[in-house]
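Enquirer: I am attaching a structure below and will ask some questions about it afterwards.
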Amino acid sequence: MNILGINAYHGNASAAIVCDGRLIAAVEEERFNRVKYAAGFPAAAIRYCLKEAGLTLADVDHVVVPRNPYARLGTKLLYAMRMPSFARERLKVLAKFTGIREALAAAFDVDPEKLKATFHRVEHHVAHLASAFYCSPFEEAALLSADGLGDFASSMWGAGFGPRIDVHGAIAFPHSLGLYYTAITQYLGFLKFGDEYKVMGLGAYGEPEFLEKFREIVRSNGTGFQLALQYFTHHRTGPEMSWAEADKTPVLGQLFSEELPKHLGPAREPEQAIEQRHKNLASSLQARLEEVYLGMLRQLAAETQMKSVCLAGGVAFNCVANGKILDTTLFENVYVHPAAGDAGLAVGAAFYVWHQVLRNRRSFVMEHAYWGPGFSVEETRQAIDAAKLTQGGCAIAQMGEETLLEQAAKIIGEGKILGWFQGRAEWGPRALGNRSIVADPRRPEMKEILNRRIKHREIFRPFAPSILAEATGEWFEKAHPSPFMTMAYSVRPEKRDKIPAPTHVDGTGRLQTVTKTANPRYWKLIKEIERQTGVPVVLNTSFNDNEPIVCKPQEAIDCFLRTQMDALVLGDFLITKS
Ligand SMILES: [Fe+2]
């Protein structure tokens, strides 16, 4: 039984294939078309998933789309009557969705009538809940999805029992924690889609001076929250998003109203210097998000009496808030889907059909995130040959694993920057040791060097540590697994000066806990670093330079040559610049 999940015509377009209850492949379209957060129809992602599973379109039994245009139809119609532009936009989306069968057939050049698959729709947040629960190791768990907006809701919660998900409640448009965070992100002068991370990083430099004001902007109300709508525009205009185009990064219109500067002072222009006031605003934004998010989780724990919680939706990427769940709620176990954003909907929707629609038992746990394209030694060698690296003065050596790891750890220990490319690409936005750039965590200057030579990011944004899972409790104040880099924990005070490069200004690190089973070669690399330096940690940042994470060996080589990276491990090959 083969189920194809497709997140189309929405940010982070993606595809996933589940065969007999096991995930075989999952990937975002952006990795192929090289457009960050690409929307549109993910034809390349679908093609890859089918190839990885050894299937043709004719072998697919079910196709599922994580969107249900009929969800909350009454509320939608109400808004549509008040906002003609919104109604037009909705109709366009509806037209796209009713054409999924045709789009799929066209992408594969087959007659739509010949597709034998059954087509399903799963509501956006139900697919988020499913992505977290059905990939988790828990037989039963409380579930929460929180993001900007999907199918006219911004949050949904419930409980999962074996193959079943029960929805207990939802928060409908226009109230949204995701849109709240995005609106203030824009107000602080960060206008690009996906810039919320930057503001989360910035918050650590400030004090929550404006918390009282933010409590007024997002009000708690028993089961959830409400936005004070006078500070926003989306309830009047509809959230102005353009993401039907496959070749463009999504663009969001301004979400905050003129009331916000009236109460909080002038909005920051993108080029304007970041002052302490902006840092305090970012801190207050984050503090209020945590109050509401953790409050919802406390309520959910009380309501369900469950010990485990599964999280998805864009807000579930807030690793700072996630890192506080164990301290401030009754939950003892947390699972965050690695693609917690909308890419993950493809996986969630596919598993929803397998379990909830087709009533199959649980048989899968997502213990790692390596569900994307991988390349053979031969393909890697061809990419190296095609790049004519030796003519450019690079040295290339193919070596056995032990020598390779020893050399790689040595390069890192010398303070050089190493591209680290192996195995199948990561699912979700975090590089987790297969498409990573790695560096020495012991050197405080590493952050500045990485930014200057490769990443060109804002200096206030932290870099992340990957740590041997078994050493976590020795270096961090919590040892709960964070395999997908979705939690930030405090580094033990006595260890902070030992790993200054990936320790943020507030003493936390957004860690990846690495196990030998999830990623044997990356685990062995960190083990070798520990042998050479005494520190079981490596600084890990994604393999890219203001572009989607590299996918193919050619892209890794291009990024290596384009930037001032010192060396590159490409599978079994070590490439060094002379
Ligand atoms: Fe979403």
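Residue numbering restarts at 1 in every chain; chains get A, B, ... in the order shown in the structure tokens, and ligands count up from 1 in that same order.
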Do you know which residues are within 7 Å of ligand 1 using only C-alpha atoms and all ligand atoms? Can you write them as a list of chain:residue names?
Expert: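 Those residues are A:His124, A:His125, A:His128, A:Asp147, A:Gly148, A:Leu149, A:Gly150, A:Gly313, A:Gly314, A:Gly341, A:Asp342.
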Enquirer: Limited to C-alpha atoms, could you put the picked residues into a file as a short mmCIF file (atom, residue, chain, number, x, y, z; two decimals), in the first residue's frame?
Expert:
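Below is the file out.cif, written as the result:
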data_model
loop_
_atom_site.label_atom_id
_atom_site.label_comp_id
_atom_site.auth_asym_id
_atom_site.auth_seq_id
_atom_site.Cartn_x
_atom_site.Cartn_y
_atom_site.Cartn_z
CA HIS A 124 -3.86 21.45 7.72
CA HIS A 125 -3.50 21.22 11.49
CA HIS A 128 0.57 18.73 11.57
CA ASP A 147 1.58 28.14 13.47
CA GLY A 148 0.56 31.15 11.41
CA LEU A 149 -2.48 29.94 9.59
CA GLY A 150 -3.71 26.85 7.76
CA GLY A 313 3.56 23.76 13.31
CA GLY A 314 5.98 26.64 12.82
CA GLY A 341 6.76 23.67 9.54
CA ASP A 342 4.54 23.13 6.55
#
Enquirer: With only C-alpha atoms as the counted atoms, please give the residues lying no more than 10 Å from range 232-235 of chain A, apart from itself and same-chain residues fewer than 2 positions off, as JSON, numbers by chain.
Expert: {"A": [79, 83, 173, 174, 175, 179, 180, 183, 184, 217, 227, 228, 229, 230, 237, 238, 239, 240, 253, 254, 255, 256, 257, 258, 259, 260]}
Enquirer: Would you mind exporting N, CA and C atoms of the selected residues as a PDB file, in the first residue's frame?
Expert:
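Result saved to result-v8.pdb:
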ATOM      1  N   TYR A  79     -15.859  35.955   6.208  1.00  0.00           N
ATOM      2  CA  TYR A  79     -14.751  36.857   5.871  1.00  0.00           C
ATOM      3  C   TYR A  79     -14.757  37.205   4.388  1.00  0.00           C
ATOM      4  N   MET A  83     -14.440  40.799   2.733  1.00  0.00           N
ATOM      5  CA  MET A  83     -13.181  41.120   2.056  1.00  0.00           C
ATOM      6  C   MET A  83     -13.148  40.495   0.662  1.00  0.00           C
ATOM      7  N   PHE A 173      -8.763  31.591  12.772  1.00  0.00           N
ATOM      8  CA  PHE A 173      -8.434  32.903  12.245  1.00  0.00           C
ATOM      9  C   PHE A 173      -9.382  33.925  12.877  1.00  0.00           C
ATOM     10  N   PRO A 174      -8.949  35.098  13.235  1.00  0.00           N
ATOM     11  CA  PRO A 174      -7.648  35.713  12.958  1.00  0.00           C
ATOM     12  C   PRO A 174      -6.646  35.591  14.112  1.00  0.00           C
ATOM     13  N   HIS A 175      -6.987  34.800  15.132  1.00  0.00           N
ATOM     14  CA  HIS A 175      -6.099  34.727  16.300  1.00  0.00           C
ATOM     15  C   HIS A 175      -5.002  33.697  16.039  1.00  0.00           C
ATOM     16  N   LEU A 179       1.204  34.335  13.577  1.00  0.00           N
ATOM     17  CA  LEU A 179       1.081  35.649  12.945  1.00  0.00           C
ATOM     18  C   LEU A 179       1.505  36.754  13.918  1.00  0.00           C
ATOM     19  N   TYR A 180       1.251  36.551  15.205  1.00  0.00           N
ATOM     20  CA  TYR A 180       1.734  37.497  16.234  1.00  0.00           C
ATOM     21  C   TYR A 180       3.256  37.610  16.142  1.00  0.00           C
ATOM     22  N   ALA A 183       4.278  39.265  12.847  1.00  0.00           N
ATOM     23  CA  ALA A 183       3.964  40.701  12.814  1.00  0.00           C
ATOM     24  C   ALA A 183       5.035  41.502  13.555  1.00  0.00           C
ATOM     25  N   ILE A 184       5.434  41.035  14.726  1.00  0.00           N
ATOM     26  CA  ILE A 184       6.432  41.785  15.512  1.00  0.00           C
ATOM     27  C   ILE A 184       7.813  41.647  14.863  1.00  0.00           C
ATOM     28  N   ILE A 217      -1.310  42.689  23.889  1.00  0.00           N
ATOM     29  CA  ILE A 217      -1.389  42.371  22.449  1.00  0.00           C
ATOM     30  C   ILE A 217      -1.865  40.929  22.238  1.00  0.00           C
ATOM     31  N   LEU A 227      -5.789  37.631  19.972  1.00  0.00           N
ATOM     32  CA  LEU A 227      -4.987  38.800  19.625  1.00  0.00           C
ATOM     33  C   LEU A 227      -5.841  40.053  19.822  1.00  0.00           C
ATOM     34  N   ALA A 228      -5.216  41.125  20.323  1.00  0.00           N
ATOM     35  CA  ALA A 228      -5.897  42.426  20.331  1.00  0.00           C
ATOM     36  C   ALA A 228      -5.786  42.944  18.900  1.00  0.00           C
ATOM     37  N   LEU A 229      -6.870  42.808  18.155  1.00  0.00           N
ATOM     38  CA  LEU A 229      -6.784  42.940  16.696  1.00  0.00           C
ATOM     39  C   LEU A 229      -6.455  44.341  16.204  1.00  0.00           C
ATOM     40  N   GLN A 230      -6.610  45.343  17.091  1.00  0.00           N
ATOM     41  CA  GLN A 230      -6.287  46.703  16.614  1.00  0.00           C
ATOM     42  C   GLN A 230      -4.809  46.851  16.242  1.00  0.00           C
ATOM     43  N   THR A 237      -7.615  42.629   6.021  1.00  0.00           N
ATOM     44  CA  THR A 237      -7.237  42.459   4.611  1.00  0.00           C
ATOM     45  C   THR A 237      -7.071  41.001   4.220  1.00  0.00           C
ATOM     46  N   GLY A 238      -7.084  40.113   5.201  1.00  0.00           N
ATOM     47  CA  GLY A 238      -6.671  38.728   4.946  1.00  0.00           C
ATOM     48  C   GLY A 238      -5.159  38.758   4.983  1.00  0.00           C
ATOM     49  N   PRO A 239      -4.497  37.708   5.436  1.00  0.00           N
ATOM     50  CA  PRO A 239      -3.042  37.745   5.409  1.00  0.00           C
ATOM     51  C   PRO A 239      -2.594  37.753   3.953  1.00  0.00           C
ATOM     52  N   GLU A 240      -1.896  38.805   3.550  1.00  0.00           N
ATOM     53  CA  GLU A 240      -1.526  38.921   2.138  1.00  0.00           C
ATOM     54  C   GLU A 240      -0.284  38.089   1.879  1.00  0.00           C
ATOM     55  N   GLY A 253       2.530  40.198   3.196  1.00  0.00           N
ATOM     56  CA  GLY A 253       2.256  41.630   3.361  1.00  0.00           C
ATOM     57  C   GLY A 253       2.448  42.034   4.817  1.00  0.00           C
ATOM     58  N   GLN A 254       2.366  43.354   5.068  1.00  0.00           N
ATOM     59  CA  GLN A 254       2.569  43.835   6.449  1.00  0.00           C
ATOM     60  C   GLN A 254       1.409  43.383   7.348  1.00  0.00           C
ATOM     61  N   LEU A 255       1.763  42.785   8.460  1.00  0.00           N
ATOM     62  CA  LEU A 255       0.747  42.229   9.365  1.00  0.00           C
ATOM     63  C   LEU A 255       0.420  43.147  10.532  1.00  0.00           C
ATOM     64  N   PHE A 256       1.306  44.102  10.850  1.00  0.00           N
ATOM     65  CA  PHE A 256       1.014  44.960  12.007  1.00  0.00           C
ATOM     66  C   PHE A 256       0.392  46.275  11.543  1.00  0.00           C
ATOM     67  N   SER A 257      -0.503  46.812  12.372  1.00  0.00           N
ATOM     68  CA  SER A 257      -1.201  48.049  12.000  1.00  0.00           C
ATOM     69  C   SER A 257      -0.457  49.257  12.559  1.00  0.00           C
ATOM     70  N   GLU A 258      -0.957  50.417  12.228  1.00  0.00           N
ATOM     71  CA  GLU A 258      -0.342  51.664  12.698  1.00  0.00           C
ATOM     72  C   GLU A 258      -0.484  51.838  14.208  1.00  0.00           C
ATOM     73  N   GLU A 259      -1.371  51.076  14.817  1.00  0.00           N
ATOM     74  CA  GLU A 259      -1.541  51.162  16.279  1.00  0.00           C
ATOM     75  C   GLU A 259      -0.292  50.697  17.019  1.00  0.00           C
ATOM     76  N   LEU A 260       0.426  49.777  16.414  1.00  0.00           N
ATOM     77  CA  LEU A 260       1.587  49.188  17.100  1.00  0.00           C
ATOM     78  C   LEU A 260       2.681  50.241  17.332  1.00  0.00           C
TER      79      LEU A 260
END
Enquirer: Could you jot down the CA of Glu139 in chain A to CA of Gly473 in chain A separation for me, Å, one decimal place?
Expert: 26.0 Å
Enquirer: Residues at most 12 Å from Tyr48 in chain A, counting only C-alpha atoms, excluding those fewer than 6 positions away in the same chain, as a ChimeraX atom specification?
Expert: /A:4,14-17,24-29,31-32,42,54-57,371-374
Enquirer: I'd like the interatomic distance between CA of Lys36 in chain A and CA of Pro548 in chain A, to a tenth of an Å.
Expert: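 Straight-line distance from CA of Lys36 in chain A to CA of Pro548 in chain A works out to 5.2 Å.
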Enquirer: Report, in Å to a single decimal, how far apart CA of Ile412 in chain A and CA of Glu530 in chain A are.
Expert: 11.4 Å
Enquirer: Would you pick out the contacts of Glu445 in chain A at 12 Å or less, using only C-alpha atoms, so that residues sharing its chain but fewer than 2 positions from it are not included, and give the list as a list in words?
Expert: Gly415, Lys416, Ala439, Asp440, Pro441, Arg442, Arg443, Lys447, Glu448, Ile449, Leu450, Asn451, Arg452, Ile459, Phe463, Ile499, Pro500, Ala501 and Pro502 of chain A
Enquirer: Take the residues from that selection and put them in a file with N, CA, C and O atoms, as a short mmCIF file (atom, residue, chain, number, x, y, z; two decimals), in the first residue's frame.
Expert:
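Printed below is selection_9.cif as written:
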data_model
loop_
_atom_site.label_atom_id
_atom_site.label_comp_id
_atom_site.auth_asym_id
_atom_site.auth_seq_id
_atom_site.Cartn_x
_atom_site.Cartn_y
_atom_site.Cartn_z
N GLY A 415 41.02 24.64 13.85
CA GLY A 415 40.29 25.90 13.69
C GLY A 415 39.87 26.17 12.26
O GLY A 415 39.48 27.28 11.92
N LYS A 416 39.94 25.12 11.42
CA LYS A 416 39.52 25.32 10.03
C LYS A 416 38.03 25.01 9.88
O LYS A 416 37.44 24.37 10.74
N ALA A 439 32.69 23.00 12.70
CA ALA A 439 33.86 23.77 13.14
C ALA A 439 34.10 23.53 14.63
O ALA A 439 33.27 22.92 15.32
N ASP A 440 35.23 24.04 15.09
CA ASP A 440 35.67 23.83 16.47
C ASP A 440 34.82 24.65 17.44
O ASP A 440 34.81 25.88 17.36
N PRO A 441 34.12 23.98 18.38
CA PRO A 441 33.27 24.74 19.31
C PRO A 441 34.06 25.46 20.39
O PRO A 441 33.53 26.31 21.09
N ARG A 442 35.35 25.11 20.53
CA ARG A 442 36.15 25.64 21.65
C ARG A 442 36.65 27.05 21.39
O ARG A 442 37.14 27.71 22.29
N ARG A 443 36.55 27.48 20.14
CA ARG A 443 37.15 28.78 19.78
C ARG A 443 36.09 29.86 19.74
O ARG A 443 35.21 29.85 18.88
N LYS A 447 32.56 31.91 15.57
CA LYS A 447 31.28 32.46 15.12
C LYS A 447 31.52 33.60 14.13
O LYS A 447 30.93 33.63 13.04
N GLU A 448 32.42 34.46 14.49
CA GLU A 448 32.72 35.62 13.64
C GLU A 448 33.37 35.15 12.34
O GLU A 448 33.05 35.64 11.25
N ILE A 449 34.27 34.16 12.45
CA ILE A 449 34.96 33.64 11.26
C ILE A 449 33.95 33.02 10.29
O ILE A 449 33.97 33.28 9.09
N LEU A 450 33.04 32.21 10.84
CA LEU A 450 32.03 31.56 9.99
C LEU A 450 31.16 32.60 9.28
O LEU A 450 30.86 32.48 8.10
N ASN A 451 30.78 33.62 10.02
CA ASN A 451 29.94 34.66 9.45
C ASN A 451 30.67 35.44 8.37
O ASN A 451 30.10 35.74 7.32
N ARG A 452 31.91 35.76 8.63
CA ARG A 452 32.67 36.56 7.68
C ARG A 452 33.01 35.76 6.42
O ARG A 452 32.91 36.26 5.31
N ILE A 459 25.30 38.94 13.09
CA ILE A 459 26.25 38.49 14.10
C ILE A 459 25.55 38.04 15.40
O ILE A 459 26.08 37.23 16.16
N PHE A 463 25.16 29.96 16.65
CA PHE A 463 25.40 28.70 15.96
C PHE A 463 25.09 27.56 16.93
O PHE A 463 25.08 27.75 18.15
N ILE A 499 32.95 25.49 25.40
CA ILE A 499 32.32 25.50 24.06
C ILE A 499 31.68 26.88 23.80
O ILE A 499 30.47 26.99 23.59
N PRO A 500 32.50 27.93 23.77
CA PRO A 500 31.92 29.28 23.64
C PRO A 500 31.28 29.54 22.27
O PRO A 500 30.32 30.31 22.19
N ALA A 501 31.80 28.88 21.22
CA ALA A 501 31.30 29.24 19.87
C ALA A 501 29.82 28.91 19.68
O ALA A 501 29.08 29.73 19.14
N PRO A 502 29.34 27.74 20.13
CA PRO A 502 27.91 27.49 19.96
C PRO A 502 27.08 27.78 21.22
O PRO A 502 25.94 27.33 21.33
#
Enquirer: Taking the DSSP assignment computed from this structure's backbone, write out as a list of chain:residue names all residues of range 213-242 of chain A that belong to strand (DSSP E).
Expert: A:Val218, A:Arg219, A:Ser220, A:Asn221, A:Gly224, A:Phe225, A:Gln226, A:Leu227, A:Met241, A:Ser242
Enquirer: Write out as a ChimeraX atom specification the residues lying within 10 Å of Trp354 in chain A, counting only C-alpha atoms and excluding same-chain residues fewer than 2 positions away.
Expert: /A:1-3,18-22,62,134,163,348-352,356-362
Enquirer: Return as an MDAnalysis selection string the full set of residues in range 324-572 of chain A whose backbone-based DSSP assignment is helix (DSSP H, G or I).
Expert: chainID A and resid 325:328 342:357 377:386 401:413 446:455 469:475 493:495 520:533 553:562
Enquirer: For the residues in that selection, give me C-alpha atoms as a PDB file, in the first residue's frame.
Expert:
ATOM      1  CA  ILE A 325       8.535  22.504  28.489  1.00  0.00           C
ATOM      2  CA  LEU A 326      10.053  19.958  30.859  1.00  0.00           C
ATOM      3  CA  ASP A 327      10.521  22.585  33.593  1.00  0.00           C
ATOM      4  CA  THR A 328       7.187  24.323  33.351  1.00  0.00           C
ATOM      5  CA  ASP A 342       4.536  23.129   6.546  1.00  0.00           C
ATOM      6  CA  ALA A 343       6.900  20.777   4.713  1.00  0.00           C
ATOM      7  CA  GLY A 344       6.075  18.213   7.408  1.00  0.00           C
ATOM      8  CA  LEU A 345       2.427  18.231   6.348  1.00  0.00           C
ATOM      9  CA  ALA A 346       3.251  15.832   3.495  1.00  0.00           C
ATOM     10  CA  VAL A 347       4.440  13.187   5.973  1.00  0.00           C
ATOM     11  CA  GLY A 348       1.620  13.867   8.428  1.00  0.00           C
ATOM     12  CA  ALA A 349      -1.078  13.636   5.781  1.00  0.00           C
ATOM     13  CA  ALA A 350       0.306  10.363   4.395  1.00  0.00           C
ATOM     14  CA  PHE A 351       0.432   8.751   7.850  1.00  0.00           C
ATOM     15  CA  TYR A 352      -3.018  10.081   8.655  1.00  0.00           C
ATOM     16  CA  VAL A 353      -4.438   8.143   5.718  1.00  0.00           C
ATOM     17  CA  TRP A 354      -2.488   4.991   6.693  1.00  0.00           C
ATOM     18  CA  HIS A 355      -3.614   5.033  10.318  1.00  0.00           C
ATOM     19  CA  GLN A 356      -6.782   7.009  10.716  1.00  0.00           C
ATOM     20  CA  VAL A 357      -8.441   6.389   7.350  1.00  0.00           C
ATOM     21  CA  VAL A 377      30.411   6.816  -4.515  1.00  0.00           C
ATOM     22  CA  GLU A 378      30.369   6.790  -8.294  1.00  0.00           C
ATOM     23  CA  GLU A 379      28.018   9.793  -8.515  1.00  0.00           C
ATOM     24  CA  THR A 380      30.192  11.635  -6.000  1.00  0.00           C
ATOM     25  CA  ARG A 381      33.330  10.847  -7.962  1.00  0.00           C
ATOM     26  CA  GLN A 382      31.698  12.079 -11.166  1.00  0.00           C
ATOM     27  CA  ALA A 383      30.768  15.366  -9.483  1.00  0.00           C
ATOM     28  CA  ILE A 384      34.339  15.788  -8.264  1.00  0.00           C
ATOM     29  CA  ASP A 385      35.760  14.999 -11.717  1.00  0.00           C
ATOM     30  CA  ALA A 386      33.340  17.376 -13.431  1.00  0.00           C
ATOM     31  CA  GLU A 401      36.414   5.755   7.315  1.00  0.00           C
ATOM     32  CA  GLU A 402      38.910   5.657  10.145  1.00  0.00           C
ATOM     33  CA  THR A 403      41.506   7.800   8.353  1.00  0.00           C
ATOM     34  CA  LEU A 404      38.814  10.130   7.043  1.00  0.00           C
ATOM     35  CA  LEU A 405      37.423  10.766  10.516  1.00  0.00           C
ATOM     36  CA  GLU A 406      40.867  11.249  12.002  1.00  0.00           C
ATOM     37  CA  GLN A 407      41.765  13.787   9.308  1.00  0.00           C
ATOM     38  CA  ALA A 408      38.406  15.557   9.560  1.00  0.00           C
ATOM     39  CA  ALA A 409      38.654  15.902  13.341  1.00  0.00           C
ATOM     40  CA  LYS A 410      42.197  17.205  12.982  1.00  0.00           C
ATOM     41  CA  ILE A 411      41.109  19.847  10.462  1.00  0.00           C
ATOM     42  CA  ILE A 412      38.324  20.957  12.803  1.00  0.00           C
ATOM     43  CA  GLY A 413      40.658  21.010  15.811  1.00  0.00           C
ATOM     44  CA  MET A 446      34.658  30.766  15.308  1.00  0.00           C
ATOM     45  CA  LYS A 447      31.278  32.464  15.123  1.00  0.00           C
ATOM     46  CA  GLU A 448      32.715  35.620  13.643  1.00  0.00           C
ATOM     47  CA  ILE A 449      34.957  33.637  11.262  1.00  0.00           C
ATOM     48  CA  LEU A 450      32.030  31.564   9.990  1.00  0.00           C
ATOM     49  CA  ASN A 451      29.935  34.658   9.446  1.00  0.00           C
ATOM     50  CA  ARG A 452      32.674  36.565   7.680  1.00  0.00           C
ATOM     51  CA  ARG A 453      33.907  33.738   5.497  1.00  0.00           C
ATOM     52  CA  ILE A 454      30.806  31.711   4.706  1.00  0.00           C
ATOM     53  CA  LYS A 455      27.431  32.349   6.212  1.00  0.00           C
ATOM     54  CA  ALA A 469      23.832  11.949  23.052  1.00  0.00           C
ATOM     55  CA  GLU A 470      25.419  10.108  25.966  1.00  0.00           C
ATOM     56  CA  ALA A 471      27.359  13.229  26.998  1.00  0.00           C
ATOM     57  CA  THR A 472      24.372  15.597  26.963  1.00  0.00           C
ATOM     58  CA  GLY A 473      23.725  15.686  30.721  1.00  0.00           C
ATOM     59  CA  GLU A 474      27.365  16.362  31.436  1.00  0.00           C
ATOM     60  CA  TRP A 475      27.421  19.485  29.264  1.00  0.00           C
ATOM     61  CA  PRO A 493      27.969  27.076  33.673  1.00  0.00           C
ATOM     62  CA  GLU A 494      31.290  25.301  34.170  1.00  0.00           C
ATOM     63  CA  LYS A 495      31.249  24.132  30.534  1.00  0.00           C
ATOM     64  CA  PRO A 520      26.812   6.410  12.829  1.00  0.00           C
ATOM     65  CA  ARG A 521      29.408   8.344  10.869  1.00  0.00           C
ATOM     66  CA  TYR A 522      28.572  11.742  12.375  1.00  0.00           C
ATOM     67  CA  TRP A 523      28.586  10.173  15.847  1.00  0.00           C
ATOM     68  CA  LYS A 524      32.013   8.686  15.121  1.00  0.00           C
ATOM     69  CA  LEU A 525      33.285  12.069  13.917  1.00  0.00           C
ATOM     70  CA  ILE A 526      32.264  13.718  17.197  1.00  0.00           C
ATOM     71  CA  LYS A 527      33.703  10.760  19.118  1.00  0.00           C
ATOM     72  CA  GLU A 528      37.005  11.292  17.286  1.00  0.00           C
ATOM     73  CA  ILE A 529      36.863  15.023  18.090  1.00  0.00           C
ATOM     74  CA  GLU A 530      36.382  14.062  21.727  1.00  0.00           C
ATOM     75  CA  ARG A 531      39.402  11.731  21.510  1.00  0.00           C
ATOM     76  CA  GLN A 532      41.550  14.479  20.033  1.00  0.00           C
ATOM     77  CA  THR A 533      40.323  17.448  22.079  1.00  0.00           C
ATOM     78  CA  PRO A 553      27.491  16.820  -4.389  1.00  0.00           C
ATOM     79  CA  GLN A 554      27.809  19.425  -7.169  1.00  0.00           C
ATOM     80  CA  GLU A 555      26.077  22.018  -4.994  1.00  0.00           C
ATOM     81  CA  ALA A 556      28.337  21.193  -2.056  1.00  0.00           C
ATOM     82  CA  ILE A 557      31.397  21.623  -4.280  1.00  0.00           C
ATOM     83  CA  ASP A 558      30.050  24.939  -5.631  1.00  0.00           C
ATOM     84  CA  CYS A 559      29.449  26.259  -2.115  1.00  0.00           C
ATOM     85  CA  PHE A 560      32.892  25.029  -1.036  1.00  0.00           C
ATOM     86  CA  LEU A 561      34.568  26.842  -3.927  1.00  0.00           C
ATOM     87  CA  ARG A 562      32.436  29.973  -3.679  1.00  0.00           C
TER      88      ARG A 562
END
Enquirer: When you count only C-alpha atoms, which of these residues is closest to Gln398 in chain A: A:Pro270, A:Gly224, A:Gly571, A:Pro208?
Expert: A:Gly571
Enquirer: Fewer than 5 positions away in the same chain doesn't count, so skip those; otherwise give me all residues within 9 Å of Ala301 in chain A, counting only C-alpha atoms, as a ChimeraX atom specification.
Expert: /A:142,296,306-309,329-331
Enquirer: Output all heavy atoms for every residue in that selection, as a CSV table (one decimal), in the first residue's frame.
Expert:
chain,number,residue,atom,x,y,z
A,142,ALA,N,-0.3,13.6,24.2
A,142,ALA,CA,-1.0,14.9,23.9
A,142,ALA,C,-0.4,15.5,22.7
A,142,ALA,O,0.8,15.3,22.4
A,142,ALA,CB,-0.8,15.8,25.1
A,296,MET,N,-0.6,26.9,27.2
A,296,MET,CA,-1.5,26.0,26.5
A,296,MET,C,-1.0,24.6,26.7
A,296,MET,O,-1.8,23.6,26.9
A,296,MET,CB,-1.4,26.3,25.0
A,296,MET,CG,-2.1,27.6,24.6
A,296,MET,SD,-1.8,28.0,22.9
A,296,MET,CE,-3.0,26.9,22.0
A,306,MET,N,-1.6,13.2,30.3
A,306,MET,CA,-0.6,12.4,29.6
A,306,MET,C,0.8,12.9,29.9
A,306,MET,O,1.0,14.1,30.3
A,306,MET,CB,-0.8,12.4,28.1
A,306,MET,CG,-2.0,11.5,27.7
A,306,MET,SD,-2.4,11.8,26.0
A,306,MET,CE,-3.4,10.3,25.7
A,307,LYS,N,1.8,12.0,29.8
A,307,LYS,CA,3.2,12.4,30.1
A,307,LYS,C,4.0,12.8,28.9
A,307,LYS,O,5.1,13.4,29.1
A,307,LYS,CB,3.9,11.2,30.8
A,307,LYS,CG,3.3,10.8,32.1
A,307,LYS,CD,3.6,11.8,33.2
A,307,LYS,CE,2.9,11.6,34.5
A,307,LYS,NZ,2.3,12.8,35.0
A,308,SER,N,3.5,12.5,27.7
A,308,SER,CA,4.3,12.8,26.5
A,308,SER,C,3.5,13.8,25.7
A,308,SER,O,2.3,13.8,25.6
A,308,SER,CB,4.5,11.5,25.7
A,308,SER,OG,5.1,10.6,26.5
A,309,VAL,N,4.2,14.6,25.0
A,309,VAL,CA,3.6,15.6,24.1
A,309,VAL,C,4.3,15.6,22.7
A,309,VAL,O,5.5,15.5,22.7
A,309,VAL,CB,3.5,17.0,24.7
A,309,VAL,CG1,4.9,17.6,24.9
A,309,VAL,CG2,2.6,17.9,23.8
A,329,THR,N,5.9,22.4,32.6
A,329,THR,CA,4.6,21.6,32.5
A,329,THR,C,4.8,20.3,33.1
A,329,THR,O,5.9,19.9,33.5
A,329,THR,CB,4.3,21.4,31.0
A,329,THR,OG1,5.2,20.4,30.4
A,329,THR,CG2,4.5,22.7,30.1
A,330,LEU,N,3.8,19.5,33.1
A,330,LEU,CA,3.9,18.1,33.7
A,330,LEU,C,4.4,17.1,32.6
A,330,LEU,O,4.5,15.9,33.0
A,330,LEU,CB,2.5,17.7,34.2
A,330,LEU,CG,2.0,18.5,35.4
A,330,LEU,CD1,0.6,18.1,35.8
A,330,LEU,CD2,3.0,18.3,36.6
A,331,PHE,N,4.6,17.6,31.4
A,331,PHE,CA,5.1,16.6,30.4
A,331,PHE,C,6.5,16.2,30.7
A,331,PHE,O,7.4,17.0,31.2
A,331,PHE,CB,5.0,17.2,29.0
A,331,PHE,CG,3.7,17.4,28.5
A,331,PHE,CD1,3.2,18.7,28.1
A,331,PHE,CD2,2.8,16.4,28.4
A,331,PHE,CE1,1.9,18.9,27.7
A,331,PHE,CE2,1.5,16.5,27.9
A,331,PHE,CZ,1.1,17.8,27.5
Enquirer: Need the shell around Thr576 in chain A: protein/DNA/RNA residues with any atom at most 7 Å away, counting only C-alpha atoms. Skip same-chain ones fewer than 6 positions apart. Format as number ranges by chain?
Expert: A: 394-396, 566-568
Enquirer: Write out the residues from the selection above, keeping N, CA and C atoms, as a CSV table (one decimal), in the first residue's frame.
Expert:
chain,number,residue,atom,x,y,z
A,394,CYS,N,43.0,22.2,-5.8
A,394,CYS,CA,42.5,21.4,-4.6
A,394,CYS,C,43.2,20.1,-4.6
A,395,ALA,N,43.4,19.5,-3.4
A,395,ALA,CA,43.9,18.2,-3.3
A,395,ALA,C,42.7,17.3,-2.9
A,396,ILE,N,42.7,16.1,-3.6
A,396,ILE,CA,41.5,15.2,-3.4
A,396,ILE,C,42.1,13.8,-3.0
A,566,ASP,N,37.6,25.7,4.2
A,566,ASP,CA,39.0,25.2,4.1
A,566,ASP,C,39.0,23.8,3.5
A,567,ALA,N,38.1,23.0,3.9
A,567,ALA,CA,38.1,21.6,3.4
A,567,ALA,C,36.7,21.1,3.3
A,568,LEU,N,36.6,20.0,2.5
A,568,LEU,CA,35.3,19.4,2.3
A,568,LEU,C,35.3,17.9,2.3
